$ cat data.txt   # compact mmCIF, C-alpha atoms and all ligand atoms
# COMPACT_ATOMS: atom_id res chain seq x y z
CA MET A 1 -40.28 -120.68 -56.63
CA HIS A 2 -36.84 -122.10 -57.32
CA ALA A 3 -35.92 -122.83 -60.91
CA ILE A 4 -33.05 -123.13 -63.33
CA ILE A 5 -33.11 -119.75 -65.01
CA ILE A 6 -31.17 -118.42 -67.97
CA ASN A 7 -30.65 -114.73 -68.66
CA GLU A 8 -28.78 -115.29 -71.91
CA THR A 9 -28.31 -118.16 -74.33
CA GLY A 10 -24.99 -120.01 -74.34
CA GLY A 11 -23.13 -122.96 -72.83
CA PRO A 12 -24.12 -125.00 -69.76
CA GLU A 13 -22.71 -122.24 -67.53
CA VAL A 14 -25.71 -119.98 -68.32
CA LEU A 15 -27.97 -122.37 -66.35
CA ARG A 16 -28.39 -120.70 -62.94
CA TYR A 17 -30.34 -121.96 -59.91
CA GLY A 18 -32.40 -119.04 -58.63
CA GLU A 19 -35.82 -117.71 -57.68
CA ILE A 20 -38.61 -116.47 -59.92
CA GLU A 21 -42.29 -115.73 -59.44
CA THR A 22 -44.53 -118.81 -59.20
CA PRO A 23 -46.84 -118.93 -62.26
CA GLU A 24 -50.63 -118.82 -62.03
CA PRO A 25 -52.70 -121.21 -64.18
CA GLY A 26 -54.93 -119.60 -66.80
CA PRO A 27 -58.25 -120.97 -68.08
CA GLY A 28 -57.95 -124.63 -69.08
CA GLU A 29 -54.52 -124.96 -67.46
CA LEU A 30 -53.14 -126.89 -64.50
CA ARG A 31 -50.30 -125.88 -62.28
CA VAL A 32 -48.09 -128.88 -61.62
CA ARG A 33 -45.84 -129.11 -58.57
CA VAL A 34 -42.88 -130.71 -60.28
CA ALA A 35 -41.22 -133.78 -58.74
CA TYR A 36 -38.96 -134.51 -61.73
CA ALA A 37 -38.21 -132.67 -64.97
CA GLY A 38 -37.10 -134.70 -67.99
CA VAL A 39 -34.00 -133.73 -69.99
CA ASN A 40 -34.00 -133.82 -73.80
CA PRO A 41 -31.50 -132.81 -76.50
CA ALA A 42 -33.94 -130.01 -77.36
CA ASP A 43 -33.10 -128.48 -73.97
CA TRP A 44 -29.41 -127.88 -74.72
CA LYS A 45 -30.29 -126.66 -78.20
CA ASN A 46 -32.82 -124.30 -76.63
CA ARG A 47 -30.20 -123.14 -74.10
CA GLN A 48 -27.90 -122.34 -77.04
CA GLY A 49 -30.61 -120.27 -78.74
CA MET A 50 -31.32 -122.74 -81.54
CA LEU A 51 -35.10 -122.61 -81.09
CA ALA A 52 -35.24 -118.94 -82.10
CA MET A 53 -37.15 -119.88 -85.26
CA TYR A 54 -39.98 -121.20 -83.06
CA ARG A 55 -40.08 -118.55 -80.32
CA PRO A 56 -38.60 -115.24 -79.21
CA TYR A 57 -36.22 -115.57 -76.23
CA VAL A 58 -37.54 -113.44 -73.37
CA PHE A 59 -35.41 -113.45 -70.21
CA PRO A 60 -35.47 -114.59 -67.45
CA TYR A 61 -36.25 -117.84 -69.19
CA ILE A 62 -36.82 -121.37 -67.87
CA ILE A 63 -36.08 -124.23 -70.24
CA GLY A 64 -37.32 -127.86 -70.17
CA PHE A 65 -40.35 -129.55 -71.71
CA ASP A 66 -41.05 -132.62 -69.61
CA ALA A 67 -42.49 -132.67 -66.10
CA ALA A 68 -44.03 -135.16 -63.69
CA GLY A 69 -45.55 -134.23 -60.37
CA VAL A 70 -48.86 -133.48 -58.70
CA VAL A 71 -51.63 -131.10 -59.67
CA ASP A 72 -51.30 -128.14 -57.37
CA LYS A 73 -53.86 -125.68 -58.69
CA LEU A 74 -56.63 -125.77 -61.31
CA GLY A 75 -57.27 -122.96 -63.77
CA GLU A 76 -60.78 -121.84 -64.58
CA GLY A 77 -62.94 -124.43 -66.34
CA VAL A 78 -60.63 -127.40 -65.78
CA THR A 79 -62.40 -130.76 -65.51
CA GLY A 80 -61.06 -134.30 -65.22
CA PHE A 81 -58.26 -133.39 -62.81
CA ALA A 82 -58.17 -132.67 -59.08
CA VAL A 83 -55.57 -131.12 -56.80
CA GLY A 84 -53.19 -133.91 -55.72
CA ASP A 85 -53.53 -136.01 -58.92
CA ARG A 86 -50.23 -137.53 -60.13
CA VAL A 87 -49.63 -136.34 -63.70
CA PHE A 88 -47.01 -136.07 -66.44
CA THR A 89 -46.86 -133.66 -69.35
CA PRO A 90 -44.71 -131.93 -71.98
CA THR A 91 -46.04 -128.69 -70.35
CA ASN A 92 -46.79 -125.46 -72.20
CA HIS A 93 -43.14 -124.95 -73.08
CA GLY A 94 -43.53 -125.97 -76.73
CA GLN A 95 -46.27 -123.36 -77.09
CA GLY A 96 -44.15 -120.52 -75.70
CA GLY A 97 -44.62 -120.99 -71.94
CA GLN A 98 -41.89 -121.20 -69.32
CA GLY A 99 -40.24 -124.59 -68.95
CA SER A 100 -40.19 -127.47 -66.49
CA TYR A 101 -36.80 -127.04 -64.75
CA ALA A 102 -38.71 -125.45 -61.88
CA GLU A 103 -40.75 -126.20 -58.77
CA TYR A 104 -43.97 -125.37 -60.64
CA ALA A 105 -44.94 -125.58 -64.31
CA LEU A 106 -48.13 -124.84 -66.24
CA ALA A 107 -49.79 -127.17 -68.73
CA ALA A 108 -53.03 -126.98 -70.70
CA THR A 109 -55.06 -130.09 -69.91
CA ASP A 110 -54.98 -131.30 -73.54
CA ARG A 111 -51.36 -132.34 -72.95
CA VAL A 112 -51.58 -133.82 -69.43
CA ALA A 113 -52.14 -137.47 -68.47
CA HIS A 114 -52.45 -139.27 -65.15
CA ILE A 115 -49.52 -141.41 -64.00
CA PRO A 116 -50.73 -144.98 -63.56
CA ASP A 117 -50.13 -146.87 -60.30
CA GLY A 118 -46.75 -148.53 -60.31
CA LEU A 119 -45.04 -145.80 -62.32
CA GLY A 120 -42.92 -143.31 -60.37
CA PHE A 121 -42.40 -139.62 -61.00
CA ALA A 122 -38.86 -140.05 -62.36
CA GLU A 123 -40.06 -142.63 -64.87
CA ALA A 124 -43.03 -140.52 -65.92
CA ALA A 125 -40.81 -137.45 -66.41
CA ALA A 126 -38.69 -139.48 -68.84
CA LEU A 127 -41.63 -140.05 -71.17
CA PRO A 128 -43.29 -137.04 -72.79
CA VAL A 129 -41.01 -135.70 -75.56
CA ALA A 130 -39.11 -138.92 -76.30
CA ALA A 131 -42.08 -141.28 -76.23
CA LEU A 132 -44.51 -138.92 -77.98
CA THR A 133 -42.02 -138.19 -80.76
CA ALA A 134 -41.42 -141.92 -81.25
CA TRP A 135 -45.15 -142.70 -81.29
CA GLN A 136 -46.13 -139.89 -83.65
CA GLY A 137 -43.24 -140.62 -86.01
CA LEU A 138 -44.08 -144.32 -86.17
CA PHE A 139 -47.86 -144.36 -86.17
CA ASP A 140 -49.46 -140.93 -86.68
CA ARG A 141 -47.11 -139.88 -89.49
CA GLY A 142 -45.59 -143.23 -90.47
CA GLY A 143 -48.53 -145.66 -90.38
CA VAL A 144 -46.31 -148.53 -89.15
CA LYS A 145 -48.16 -151.85 -89.18
CA ALA A 146 -47.66 -155.46 -88.10
CA GLY A 147 -45.38 -157.47 -90.35
CA GLN A 148 -43.51 -154.48 -91.80
CA ARG A 149 -39.72 -154.24 -91.90
CA VAL A 150 -38.87 -151.17 -89.88
CA MET A 151 -35.52 -149.65 -89.06
CA ILE A 152 -34.78 -147.16 -86.28
CA HIS A 153 -31.53 -145.28 -86.83
CA GLY A 154 -30.38 -144.42 -83.30
CA GLY A 155 -32.01 -147.21 -81.29
CA SER A 156 -30.28 -146.63 -77.96
CA GLY A 157 -31.18 -143.00 -77.22
CA GLY A 158 -34.21 -141.65 -75.42
CA LEU A 159 -36.37 -141.55 -78.52
CA GLY A 160 -34.94 -144.69 -80.13
CA SER A 161 -35.43 -146.80 -76.98
CA PHE A 162 -39.16 -146.13 -77.21
CA ALA A 163 -39.37 -146.34 -81.01
CA VAL A 164 -37.83 -149.83 -81.12
CA GLN A 165 -40.23 -151.07 -78.46
CA PHE A 166 -43.35 -149.41 -79.88
CA ALA A 167 -42.66 -150.84 -83.34
CA ARG A 168 -42.17 -154.33 -81.84
CA TRP A 169 -45.36 -153.94 -79.82
CA ALA A 170 -47.19 -153.10 -83.06
CA GLY A 171 -45.92 -156.38 -84.55
CA ALA A 172 -43.30 -154.97 -86.92
CA HIS A 173 -39.91 -156.59 -87.53
CA VAL A 174 -37.38 -154.11 -86.21
CA ALA A 175 -33.78 -153.38 -87.08
CA ALA A 176 -31.90 -150.64 -85.25
CA THR A 177 -28.49 -149.01 -85.32
CA CYS A 178 -26.32 -148.19 -82.31
CA SER A 179 -22.67 -148.16 -81.25
CA THR A 180 -20.81 -151.23 -79.97
CA PRO A 181 -21.47 -150.75 -76.22
CA ASN A 182 -25.23 -150.56 -76.86
CA VAL A 183 -25.70 -153.66 -79.05
CA ASP A 184 -26.94 -155.94 -76.24
CA TYR A 185 -29.10 -153.16 -74.83
CA VAL A 186 -30.89 -152.56 -78.15
CA ARG A 187 -31.32 -156.29 -78.70
CA GLY A 188 -32.95 -156.42 -75.27
CA LEU A 189 -35.45 -153.78 -76.41
CA GLY A 190 -36.69 -156.23 -79.04
CA ALA A 191 -34.73 -155.35 -82.19
CA GLU A 192 -34.34 -158.49 -84.28
CA ARG A 193 -31.36 -157.05 -86.22
CA VAL A 194 -29.00 -154.74 -84.36
CA ILE A 195 -26.53 -152.99 -86.63
CA ASP A 196 -23.36 -151.76 -84.94
CA TYR A 197 -22.70 -148.66 -87.02
CA ARG A 198 -19.09 -148.56 -85.85
CA LYS A 199 -18.33 -152.03 -87.24
CA GLU A 200 -20.89 -152.73 -89.97
CA ASP A 201 -21.98 -151.11 -93.19
CA ILE A 202 -25.63 -150.21 -92.63
CA ALA A 203 -26.65 -150.63 -96.29
CA ASP A 204 -25.00 -154.07 -96.55
CA ALA A 205 -26.63 -155.23 -93.34
CA LEU A 206 -30.07 -154.10 -94.52
CA ALA A 207 -29.65 -155.60 -97.99
CA ALA A 208 -29.52 -159.00 -96.27
CA TRP A 209 -32.23 -158.30 -93.68
CA ALA A 210 -34.74 -156.52 -95.94
CA PRO A 211 -33.78 -157.46 -99.52
CA GLY A 212 -36.76 -155.63 -101.02
CA GLY A 213 -36.01 -152.46 -99.06
CA LEU A 214 -37.41 -151.15 -95.79
CA ASP A 215 -41.14 -150.51 -95.39
CA TYR A 216 -40.30 -147.78 -92.91
CA LEU A 217 -37.18 -145.91 -91.80
CA MET A 218 -36.91 -143.53 -88.85
CA ASP A 219 -33.77 -141.39 -88.69
CA ALA A 220 -33.50 -140.23 -85.07
CA VAL A 221 -29.84 -139.16 -85.35
CA GLY A 222 -29.24 -136.84 -88.31
CA VAL A 223 -28.70 -136.95 -92.05
CA SER A 224 -24.89 -136.77 -91.93
CA THR A 225 -24.88 -140.16 -90.15
CA LEU A 226 -27.21 -141.78 -92.72
CA PRO A 227 -26.77 -139.89 -96.00
CA ASN A 228 -28.12 -142.77 -98.11
CA GLY A 229 -31.37 -143.16 -96.13
CA LEU A 230 -33.62 -142.94 -99.19
CA ASP A 231 -31.76 -145.82 -100.90
CA LEU A 232 -32.72 -148.07 -97.98
CA VAL A 233 -36.50 -147.60 -98.34
CA ARG A 234 -38.60 -149.43 -100.95
CA ALA A 235 -40.82 -147.49 -103.36
CA GLY A 236 -44.14 -147.11 -101.56
CA GLY A 237 -42.41 -147.12 -98.17
CA THR A 238 -42.08 -144.34 -95.61
CA TYR A 239 -39.02 -142.38 -94.48
CA VAL A 240 -39.39 -140.29 -91.34
CA SER A 241 -36.70 -137.96 -90.03
CA ILE A 242 -36.93 -136.51 -86.57
CA PRO A 243 -35.72 -132.94 -87.03
CA THR A 244 -32.55 -132.27 -85.06
CA LEU A 245 -32.12 -128.53 -85.81
CA ASN A 246 -28.42 -129.11 -86.50
CA ASP A 247 -28.22 -132.05 -88.92
CA ASP A 248 -31.30 -132.10 -91.15
CA GLY A 249 -29.69 -131.50 -94.55
CA ASP A 250 -31.56 -129.91 -97.44
CA ILE A 251 -35.16 -130.67 -96.51
CA PRO A 252 -36.86 -129.52 -99.77
CA ALA A 253 -34.34 -131.52 -101.84
CA SER A 254 -34.90 -134.58 -99.70
CA MET A 255 -38.69 -134.26 -100.03
CA ALA A 256 -38.36 -133.97 -103.81
CA ALA A 257 -36.03 -136.98 -104.13
CA SER A 258 -38.38 -139.09 -102.00
CA ALA A 259 -41.41 -138.06 -104.05
CA ALA A 260 -39.56 -139.00 -107.25
CA LYS A 261 -38.95 -142.48 -105.81
CA GLY A 262 -42.52 -142.85 -104.53
CA VAL A 263 -41.45 -142.80 -100.88
CA THR A 264 -43.58 -140.94 -98.33
CA ARG A 265 -41.25 -138.47 -96.61
CA GLU A 266 -41.94 -136.84 -93.26
CA PHE A 267 -39.96 -134.52 -91.02
CA SER A 268 -41.88 -135.30 -87.86
CA VAL A 269 -41.79 -132.65 -85.15
CA MET A 270 -43.34 -133.65 -81.82
CA THR A 271 -46.88 -132.33 -81.38
CA ASP A 272 -47.74 -131.51 -77.78
CA VAL A 273 -51.16 -129.95 -78.43
CA GLY A 274 -53.85 -132.62 -77.96
CA SER A 275 -51.32 -135.28 -76.91
CA ALA A 276 -53.08 -136.35 -73.68
CA ALA A 277 -54.69 -139.48 -75.14
CA THR A 278 -51.39 -140.69 -76.61
CA LEU A 279 -49.58 -140.01 -73.33
CA ALA A 280 -52.21 -142.05 -71.50
CA GLN A 281 -51.87 -144.90 -74.01
CA ILE A 282 -48.08 -144.91 -73.61
CA ALA A 283 -48.40 -144.95 -69.82
CA ARG A 284 -50.80 -147.93 -70.09
CA LEU A 285 -48.29 -149.85 -72.24
CA LEU A 286 -45.67 -149.29 -69.56
CA ALA A 287 -47.97 -150.15 -66.67
CA GLU A 288 -49.06 -153.36 -68.44
CA GLY A 289 -45.44 -154.32 -69.16
CA HIS A 290 -45.60 -154.15 -72.98
CA VAL A 291 -42.88 -151.51 -72.96
CA LYS A 292 -39.91 -151.24 -70.58
CA LEU A 293 -38.49 -148.01 -69.31
CA PRO A 294 -35.01 -147.28 -70.60
CA PRO A 295 -32.33 -146.74 -67.95
CA ILE A 296 -32.86 -143.39 -66.24
CA LYS A 297 -30.07 -141.34 -64.72
CA GLU A 298 -31.03 -138.82 -62.08
CA TYR A 299 -29.43 -135.45 -61.37
CA ALA A 300 -30.41 -132.82 -58.80
CA LEU A 301 -32.13 -129.76 -60.28
CA ARG A 302 -29.14 -127.67 -59.22
CA ASP A 303 -26.92 -129.93 -61.35
CA ALA A 304 -28.80 -129.24 -64.60
CA ALA A 305 -25.54 -128.07 -66.22
CA GLU A 306 -23.98 -131.49 -65.61
CA ALA A 307 -27.02 -133.19 -67.17
CA HIS A 308 -26.69 -130.86 -70.17
CA ARG A 309 -23.03 -131.77 -70.65
CA GLN A 310 -24.09 -135.42 -70.76
CA ILE A 311 -27.10 -135.03 -73.12
CA GLU A 312 -25.08 -132.76 -75.41
CA CYS A 313 -22.51 -135.50 -76.06
CA GLY A 314 -25.10 -137.31 -78.24
CA HIS A 315 -24.37 -140.76 -76.80
CA THR A 316 -26.71 -141.08 -73.83
CA ARG A 317 -28.26 -144.51 -73.31
CA GLY A 318 -31.87 -144.08 -72.19
CA LYS A 319 -33.01 -140.94 -70.39
CA LEU A 320 -31.86 -138.26 -67.96
CA VAL A 321 -34.09 -136.56 -65.38
CA LEU A 322 -33.68 -133.75 -62.85
CA LYS A 323 -34.99 -134.29 -59.32
CA VAL A 324 -36.86 -131.18 -58.27
CA ALA A 325 -38.71 -132.22 -55.09
CA ASP A 326 -39.57 -135.22 -52.90
CA LEU A 327 -43.31 -135.60 -53.42
N1 LIG B 401 -38.00 -132.15 -83.54
C1 LIG B 401 -38.55 -132.86 -82.58
O1 LIG B 401 -39.78 -132.79 -82.34
C2 LIG B 401 -37.70 -133.78 -81.77
C3 LIG B 401 -38.23 -134.46 -80.68
C4 LIG B 401 -37.42 -135.35 -79.99
C5 LIG B 401 -36.08 -135.52 -80.37
N2 LIG B 401 -35.60 -134.81 -81.41
C6 LIG B 401 -34.20 -134.97 -81.83
O2 LIG B 401 -33.96 -136.34 -82.09
C7 LIG B 401 -32.62 -136.66 -81.79
C8 LIG B 401 -32.59 -137.87 -80.84
O3 LIG B 401 -33.20 -137.54 -79.61
P1 LIG B 401 -32.96 -138.46 -78.34
O4 LIG B 401 -33.77 -137.92 -77.24
O5 LIG B 401 -33.08 -139.89 -78.68
O6 LIG B 401 -31.38 -138.15 -78.08
P2 LIG B 401 -30.36 -138.93 -77.13
O7 LIG B 401 -31.09 -139.53 -75.99
O8 LIG B 401 -29.24 -138.00 -76.87
O9 LIG B 401 -29.83 -140.15 -78.02
C9 LIG B 401 -29.04 -139.96 -79.11
C10 LIG B 401 -28.64 -141.34 -79.61
O10 LIG B 401 -28.06 -141.20 -80.90
C11 LIG B 401 -27.21 -142.30 -81.08
N3 LIG B 401 -26.22 -142.02 -82.10
C12 LIG B 401 -25.27 -141.04 -82.12
N4 LIG B 401 -24.57 -141.11 -83.29
C13 LIG B 401 -25.10 -142.16 -83.98
C14 LIG B 401 -24.81 -142.73 -85.26
N5 LIG B 401 -23.83 -142.26 -86.05
N6 LIG B 401 -25.57 -143.77 -85.67
C15 LIG B 401 -26.56 -144.27 -84.89
N7 LIG B 401 -26.87 -143.79 -83.66
C16 LIG B 401 -26.15 -142.73 -83.23
C17 LIG B 401 -26.56 -142.54 -79.75
O11 LIG B 401 -26.32 -143.93 -79.63
P3 LIG B 401 -24.82 -144.51 -79.47
O12 LIG B 401 -24.31 -143.94 -78.18
O13 LIG B 401 -25.06 -146.00 -79.42
O14 LIG B 401 -24.05 -144.01 -80.64
C18 LIG B 401 -27.62 -142.06 -78.75
O15 LIG B 401 -28.21 -143.13 -78.08
C19 LIG B 401 -32.01 -135.40 -81.18
O16 LIG B 401 -31.33 -134.68 -82.19
C20 LIG B 401 -33.21 -134.60 -80.74
O17 LIG B 401 -32.98 -133.21 -80.67
C21 LIG B 401 -36.37 -133.94 -82.12

$ encode --input "data.txt" --output "structure tokens" --more "lines below"
Ligand SMILES: NC(=O)c1ccc[n+]([C@@H]2O[C@H](COP(=O)([O-])OP(=O)(O)OC[C@H]3O[C@@H](n4cnc5c(N)ncnc54)[C@H](OP(=O)(O)O)[C@@H]3O)[C@@H](O)[C@H]2O)c1
Amino acid sequence: MHAIIINETGGPEVLRYGEIETPEPGPGELRVRVAYAGVNPADWKNRQGMLAMYRPYVFPYIIGFDAAGVVDKLGEGVTGFAVGDRVFTPTNHGQGGQGSYAEYALAATDRVAHIPDGLGFAEAAALPVAALTAWQGLFDRGGVKAGQRVMIHGGSGGLGSFAVQFARWAGAHVAATCSTPNVDYVRGLGAERVIDYRKEDIADALAAWAPGGLDYLMDAVGVSTLPNGLDLVRAGGTYVSIPTLNDDGDIPASMAASAAKGVTREFSVMTDVGSAATLAQIARLLAEGHVKLPPIKEYALRDAAEAHRQIECGHTRGKLVLKVADL
């Protein structure tokens, strides 16, 4: 099959379009013929070698977590899926498998969901990592509820675009930060207070919007951009950071300071294992119109390096996807 293959870690130039053996699904796995692969910041960090703490790098290596396409082959014992089904998945990449920047990718069925009618492959490929991370950080680890005052730091990115909307859907009041060009966009996602971090002081803005302190804070950008996060959360509230690998600060110190204040502190890494039900729920919210897709920019698979230069800049509005095949 064709794939974007790396033989060393490094800059975008290490991404090479080439050929590699097509993988065979093992027991409990599906082989997906990929229509679109999603692009996430984790992909450029992985390309640079920053995921070494999670996995050894064995070359030739295919990066990429997210895929949408059709089921092409069933591994032994697979039920609930048939060849030809339209599916989306974070694949087996987070558990050490090859990635999704390829014509075929493998995924254990516990992390695969059907794409509902009305949702295309490009849109579905934009979902897994960003939407799952937002959902798990808000609800599974954060317990966000209706009526709470919630702030999403980084409301215009892939993750933030979903987090703002999920929190609104759950009935929370939502504030979110973004830069000046994204203020109208984030307001359109449903944030009731949009804080332009280039023009406003975040703490001052929140002191007026949530005088008693936030019930919940999600930092989806990095600690250097919100060093006073704990001050913004009320005692008894919850402060969730999405680990960035390059701007997470002193995690044990942050946990200790939060405990001393009585704030629940989580560093919420996306869980792919067993995520199928959440993926299906997210797809339903989209299909029923409760949640809108963020803008999606498409690149050809061969142009993965260009997509990486864009995602690496840290100021992408919405999501990027790679077109792999016309299915
Ligand atoms: N550990 C995990 O499981 C996991 C999973 C998913 C994501 N992540 C991490 O979470 C982070 C966000 O992911 P993503 O997919 O949303 O990235 P993204 O699509 O690249 O979005 C990044 C966003 O950050 C915003 N931003 C940059 N500087 C900011 C600042 N000073 N204040 C507020 N917002 C700022 C940008 O908005 P403006 O252009 O408006 O500034 C941009 O929209 C990344 O570091 C990613 O690696 C971790």

$ residues_near_point --input "data.txt" --point "(-24.9, -154.0, -91.9)" --cutoff "12 Å" --atoms "only C-alpha atoms" --output "ChimeraX atom specification"
/A:151,175-178,193-210,232

$ closest_atom_pairs --input "data.txt" --of "segment 90-207 of chain A" --to "segment 286-296 of chain A" --cutoff "9 Å" --atoms "all atoms listed in the file" --output "Markdown table"
| residue | atom | partner | partner_atom | distance |
| --- | --- | --- | --- | --- |
| A:Pro116 | CA | A:Ala287 | CA | 6.6 |
| A:Asp117 | CA | A:Ala287 | CA | 7.5 |
| A:Gly118 | CA | A:Ala287 | CA | 6.7 |
| A:Leu119 | CA | A:Ala287 | CA | 6.8 |
| A:Ala122 | CA | A:Ile296 | CA | 7.9 |
| A:Glu123 | CA | A:Leu293 | CA | 7.2 |
| A:Ala126 | CA | A:Ile296 | CA | 7.5 |
| A:Leu127 | CA | A:Leu293 | CA | 8.8 |
| A:Ser156 | CA | A:Pro294 | CA | 8.8 |
| A:Gly157 | CA | A:Pro294 | CA | 8.8 |
| A:Gly158 | CA | A:Pro294 | CA | 7.5 |
| A:Ser161 | CA | A:Pro294 | CA | 6.4 |
| A:Phe162 | CA | A:Val291 | CA | 7.8 |
| A:Gln165 | CA | A:Val291 | CA | 6.1 |
| A:Phe166 | CA | A:Val291 | CA | 7.2 |
| A:Trp169 | CA | A:His290 | CA | 6.8 |
| A:Leu189 | CA | A:Lys292 | CA | 7.8 |

$ closest_atom_pairs --input "data.txt" --of "chain A" --to "ligand LIG 401 (chain B)" --cutoff "6 Å" --atoms "only C-alpha atoms and all ligand atoms" --output "tab-separated table"
residue	atom	partner	partner_atom	distance
A:Asn40	CA	B:LIG401	O4	5.4
A:Pro41	CA	B:LIG401	O17	4.4
A:Ala42	CA	B:LIG401	O17	4.7
A:Val129	CA	B:LIG401	C4	5.7
A:Ala130	CA	B:LIG401	C4	5.4
A:Thr133	CA	B:LIG401	C3	5.3
A:His153	CA	B:LIG401	C15	5.4
A:Gly154	CA	B:LIG401	N7	3.6
A:Ser156	CA	B:LIG401	O15	4.1
A:Gly157	CA	B:LIG401	O15	3.1
A:Gly158	CA	B:LIG401	O7	3.8
A:Leu159	CA	B:LIG401	O5	3.7
A:Gly160	CA	B:LIG401	O5	5.3
A:Thr177	CA	B:LIG401	C15	5.1
A:Cys178	CA	B:LIG401	O13	3.8
A:Ser179	CA	B:LIG401	O13	3.7
A:Asn182	CA	B:LIG401	O13	5.2
A:Tyr197	CA	B:LIG401	N6	5.8
A:Ala220	CA	B:LIG401	O2	4.9
A:Val221	CA	B:LIG401	C7	5.2
A:Thr225	CA	B:LIG401	N5	4.7
A:Ile242	CA	B:LIG401	C21	5.2
A:Pro243	CA	B:LIG401	N1	4.2
A:Thr244	CA	B:LIG401	O16	3.9
A:Val269	CA	B:LIG401	O1	3.5
A:Met270	CA	B:LIG401	O1	3.7
A:Ile311	CA	B:LIG401	O8	5.2
A:Gly314	CA	B:LIG401	O8	4.4
A:His315	CA	B:LIG401	O12	3.5
A:Thr316	CA	B:LIG401	O15	5.0
A:Arg317	CA	B:LIG401	O15	5.0
A:Gly318	CA	B:LIG401	O7	6.0

$ atom_distance --input "data.txt" --atom1 "atom CA of Tyr101 of chain A" --atom2 "atom CA of Ile20 of chain A"
11.8 Å

$ closest_residue --input "data.txt" --among "A:Phe81, A:Tyr185, A:Tyr61, A:Tyr239" --to "Gly143 of chain A" --atoms "all atoms listed in the file"
A:Tyr239

$ atom_distance --input "data.txt" --atom1 "atom CA of Ser100 of chain A" --atom2 "atom CA of His2 of chain A"
11.1 Å

$ closest_residue --input "data.txt" --among "A:Gln148, A:Thr264, A:Ser275, A:Gln281" --to "Asp215 of chain A" --atoms "all atoms listed in the file"
A:Gln148

$ atom_distance --input "data.txt" --atom1 "atom CA of Asp66 of chain A" --atom2 "atom CA of Ala113 of chain A"
12.2 Å

$ axis_aligned_box --input "data.txt" --around "segment 139-152 of chain A" --padding-each-side "5 Å" --output "JSON"
{"center_x": -42.1, "center_y": -148.7, "center_z": -89.0, "size_x": 24.7, "size_y": 27.6, "size_z": 15.7}

$ closest_residue --input "data.txt" --among "A:Val83, A:Ala105, A:Leu230, A:Val164" --to "Lys261 of chain A" --atoms "all atoms listed in the file"
A:Leu230

$ residues_near_point --input "data.txt" --point "(-24.8, -138.1, -66.7)" --cutoff "9 Å" --atoms "only C-alpha atoms" --output "PyMOL selection string"
chain A and resi 297-299+306-311+316+320

$ residues_around --input "data.txt" --residues "Phe139 of chain A" --least-positions-apart "5" --cutoff "10 Å" --atoms "all atoms listed in the file" --output "mmCIF file with C-alpha atoms, keeping the file's coordinate frame"
data_model
loop_
_atom_site.group_PDB
_atom_site.id
_atom_site.type_symbol
_atom_site.label_atom_id
_atom_site.label_comp_id
_atom_site.auth_asym_id
_atom_site.auth_seq_id
_atom_site.Cartn_x
_atom_site.Cartn_y
_atom_site.Cartn_z
ATOM 1 C CA ALA A 134 -41.420 -141.920 -81.250
ATOM 2 C CA VAL A 144 -46.310 -148.530 -89.150
ATOM 3 C CA LYS A 145 -48.160 -151.850 -89.180
ATOM 4 C CA PHE A 166 -43.350 -149.410 -79.880
ATOM 5 C CA ALA A 167 -42.660 -150.840 -83.340
ATOM 6 C CA ALA A 170 -47.190 -153.100 -83.060
#

$ closest_residue --input "data.txt" --among "A:Gly28, A:Phe65, A:Val34, A:Val321" --to "Asp303 of chain A" --atoms "only C-alpha atoms"
A:Val321

$ residues_around --input "data.txt" --residues "Val273 of chain A" --least-positions-apart "6" --cutoff "10 Å" --atoms "only C-alpha atoms" --output "PDB file with C-alpha atoms, keeping the file's coordinate frame"
ATOM      1  CA  PRO A  90     -44.710-131.930 -71.980  1.00  0.00           C
ATOM      2  CA  THR A  91     -46.040-128.690 -70.350  1.00  0.00           C
ATOM      3  CA  ASN A  92     -46.790-125.460 -72.200  1.00  0.00           C
ATOM      4  CA  GLY A  94     -43.530-125.970 -76.730  1.00  0.00           C
ATOM      5  CA  GLN A  95     -46.270-123.360 -77.090  1.00  0.00           C
ATOM      6  CA  ALA A 108     -53.030-126.980 -70.700  1.00  0.00           C
ATOM      7  CA  THR A 109     -55.060-130.090 -69.910  1.00  0.00           C
ATOM      8  CA  ASP A 110     -54.980-131.300 -73.540  1.00  0.00           C
ATOM      9  CA  ARG A 111     -51.360-132.340 -72.950  1.00  0.00           C
ATOM     10  CA  VAL A 112     -51.580-133.820 -69.430  1.00  0.00           C
TER      11      VAL A 112
END

$ residues_around --input "data.txt" --residues "Arg149 of chain A" --least-positions-apart "4" --cutoff "7 Å" --atoms "all atoms listed in the file" --output "PyMOL selection string"
chain A and resi 172-174+210+214-216

$ closest_residue --input "data.txt" --among "A:Ile62, A:Ala235, A:Val78, A:Met53" --to "Gln98 of chain A" --atoms "only C-alpha atoms"
A:Ile62

$ residues_around --input "data.txt" --residues "segment 246-258 of chain A" --least-positions-apart "6" --cutoff "8 Å" --atoms "all atoms listed in the file" --output "PyMOL selection string"
chain A and resi 222-224+230+264-266

$ closest_residue --input "data.txt" --among "A:Ala67, A:Leu301, A:Ala283, A:Leu327" --to "Arg31 of chain A" --atoms "all atoms listed in the file"
A:Ala67

$ residues_around --input "data.txt" --residues "Gln136 of chain A" --least-positions-apart "6" --cutoff "8 Å" --atoms "only C-alpha atoms" --output "number ranges by chain"
A: 142, 268, 270-271
